Amino acid sequence: MVGTYTGTFTVTYSSGEQSGDVTLKLQEGRYTCIGNPDRIPAGGRGTYTVEEGKMIFVDENVWTA
C-alpha cells in the first residue's frame, strides 16, 4: 500500500460531528497525514502496518492539550 490518498475525515461525538479534508501519504511502512488549517483532523506521522485486513497507525507526535 503505497500512494497518496485524499478525502474527508469525519469524527462523530455524542455532541455532533466534525469533518475536514485530509491527505494521507503511505510509503514503505511510514505515513504522513496532513490535515487542514483548522486542525480537523490534526494530521500526524509515524508508522503503519496491515494486520488481518485492518490498517494500524502509530503516531510519533506529542500532542498538547
# chains A, B, ... in the order shown; residues from 1 in each chain; ligands from 1
>>> residues_around(residues="Glu28 (chain A)", least_positions_apart="3", cutoff="9 Å", atoms="only C-alpha atoms", output="PyMOL selection string")
chain A and resi 1-2+31+47-48
>>> residues_around(residues="Gly29 (chain A)", least_positions_apart="4", cutoff="12 Å", atoms="only C-alpha atoms", output="PyMOL selection string")
chain A and resi 1-3+25+45-50+55-58
>>> residues_around(residues="Pro37 (chain A)", least_positions_apart="3", cutoff="12 Å", atoms="only C-alpha atoms", output="list in words")
Gly20, Asp21, Val22, Ile34, Ile40, Pro41, Ala42 and Gly43 of chain A
>>> closest_residue(among="A:Cys33, A:Lys54, A:Asp38, A:Leu24", to="Tyr5 (chain A)", atoms="only C-alpha atoms")
A:Leu24
>>> atom_distance(atom1="CA of Arg30 (chain A)", atom2="CA of Gly44 (chain A)")
10.9 Å
>>> atom_distance(atom1="CA of Thr4 (chain A)", atom2="CA of Thr64 (chain A)")
27.3 Å
>>> closest_residue(among="A:Thr32, A:Thr6, A:Thr23, A:Ser14", to="Asp59 (chain A)", atoms="only C-alpha atoms")
A:Thr32
>>> atom_distance(atom1="CA of Thr12 (chain A)", atom2="CA of Glu52 (chain A)")
24.9 Å
>>> closest_residue(among="A:Glu51, A:Gly16, A:Trp63, A:Gly7", to="Gly35 (chain A)", atoms="only C-alpha atoms")
A:Gly7
>>> select_by_dssp(residues="chain A", states="strand (DSSP E)", output="VMD selection string")
chain A and resid 3 to 13 16 to 27 30 to 34 44 to 51 54 to 59
